[in-house]
Amino acid sequence: MIKAVLFDLDGTLLPMDQRIFAKAYFSGLMERVCPLGYTPDAFMQAMQAGIAAMIKNDSTRSNEAAFWEAFTAVSGKEILNHLDVFDAFYAERFDDIRAVCGYTPRAAACVRELRGSGLRIALATNPIFPAVATQKRIRWAGLEPEDFELYTTYESIGTCKPNPDYYRTVAARLGIEPAECLMVGNDVSDDMPAASLGMKVFLLTDCLINTPGADISAYPNGGFDELMEYIAKLRA
């Protein structure tokens, strides 16, 4: 019997094309940061180094610390005197990126229906964004941060998908075993590795990412209607 459902966000609860989203996100950041004295190429090199450091992080420090350590190794530490520029971007411009994302009311309806049925709901979104950006993207999906018992951000955890330790940590913070969780996501490479811990998994195919070209019939899969049917079977 499952006790908790863990949802991915980008491409799962929030429909999007990851490439289009990333282009809009990085372009918006560059407009604010590059006038400080960075070329677009130098900025992107620093961002890529920071993201790679978070993906490789092993819980020895937060993803936030890993990001800035790697970013400043490329950009120089002067950028740390201008963190208010990043804060202003998230406060003033990040919401503009909502225009490149989709919206499906069924996603929010499913989350609330599952909560109402007594299941615990967590947001297992890859924690490479600060809390403010995660909270805004939750709202773009028609939900509120309070709809989730837990959601991961780069400040709050020291691992990333697809590292199984990420999923192990989420389950531990909920105080339950991995086998008592269902992970719902759209990315074969990032979300389905939760199964290696004994978690149930469901591959949401509305915005499917299947980089390795895997046979997705190996996983329960489909849209939100199929997800709700699958959960009903698990709880029967």
# chains A, B, ... in the order shown; residues from 1 in each chain; ligands from 1
call {"tool": "residues_around", "arguments": {"residues": "region 20-31 of chain A", "least_positions_apart": "6", "cutoff": "12 Å", "atoms": "only C-alpha atoms", "output": "ChimeraX atom specification"}}
result
/A:10-11,14,37-48,83,85-102,129,133,137
call {"tool": "residues_around", "arguments": {"residues": "region 143-157 of chain A", "least_positions_apart": "2", "cutoff": "9 Å", "atoms": "only C-alpha atoms", "output": "JSON, numbers by chain"}}
result
{"A": [54, 59, 61, 62, 63, 64, 65, 67, 107, 108, 111, 112, 115, 120, 121, 122, 123, 124, 125, 126, 127, 128, 129, 130, 131, 132, 133, 134, 135, 136, 137, 138, 139, 140, 141, 159, 160, 166, 169, 170, 173, 174]}
call {"tool": "select_by_dssp", "arguments": {"residues": "region 35-220 of chain A", "states": "alpha helix (DSSP H)", "output": "PyMOL selection string"}}
result
chain A and resi 40-56+63-75+83-92+105-116+131-140+164-174+188-191
call {"tool": "atom_distance", "arguments": {"atom1": "CA of Ala73 (chain A)", "atom2": "CA of Lys161 (chain A)"}}
result
23.4 Å
call {"tool": "residues_around", "arguments": {"residues": "region 207-224 of chain A", "least_positions_apart": "2", "cutoff": "10 Å", "atoms": "only C-alpha atoms", "output": "MDAnalysis selection string"}}
result
chainID A and resid 10:18 104 106:107 109:110 184:190 192 195 200:205 226:230
call {"tool": "residues_around", "arguments": {"residues": "Ala171 (chain A)", "least_positions_apart": "5", "cutoff": "9 Å", "atoms": "only C-alpha atoms", "output": "ChimeraX atom specification"}}
result
/A:4,166,176-178,180-181
call {"tool": "write_last_selection", "arguments": {"atoms": "N, CA and C atoms", "output": "short mmCIF file (atom, residue, chain, number, x, y, z; two decimals), in the first residue's frame"}}
result
data_model
loop_
_atom_site.label_atom_id
_atom_site.label_comp_id
_atom_site.auth_asym_id
_atom_site.auth_seq_id
_atom_site.Cartn_x
_atom_site.Cartn_y
_atom_site.Cartn_z
N ALA A 4 2.47 7.71 -0.02
CA ALA A 4 2.79 9.04 -0.55
C ALA A 4 2.97 8.97 -2.06
N TYR A 166 18.81 10.88 -3.91
CA TYR A 166 17.82 11.95 -3.90
C TYR A 166 16.46 11.40 -3.45
N ILE A 176 8.97 7.72 5.75
CA ILE A 176 8.41 6.47 5.24
C ILE A 176 9.47 5.75 4.41
N GLU A 177 9.18 4.50 4.07
CA GLU A 177 10.10 3.71 3.27
C GLU A 177 9.90 4.03 1.78
N PRO A 178 10.96 3.92 0.99
CA PRO A 178 10.80 4.13 -0.46
C PRO A 178 9.69 3.27 -1.07
N GLU A 180 6.97 2.61 0.01
CA GLU A 180 5.65 3.16 0.32
C GLU A 180 5.34 4.39 -0.51
N CYS A 181 6.20 4.67 -1.51
CA CYS A 181 6.05 5.86 -2.35
C CYS A 181 5.77 5.48 -3.80
#
call {"tool": "closest_residue", "arguments": {"among": "A:Asn81, A:Trp68, A:Arg235, A:Lys56", "to": "Asp165 (chain A)", "atoms": "only C-alpha atoms"}}
result
A:Lys56
call {"tool": "select_by_dssp", "arguments": {"residues": "region 89-170 of chain A", "states": "strand (DSSP E)", "output": "number ranges by chain"}}
result
A: 120-123, 150-151
call {"tool": "atom_distance", "arguments": {"atom1": "CA of Ala49 (chain A)", "atom2": "CA of Ala70 (chain A)"}}
result
5.7 Å
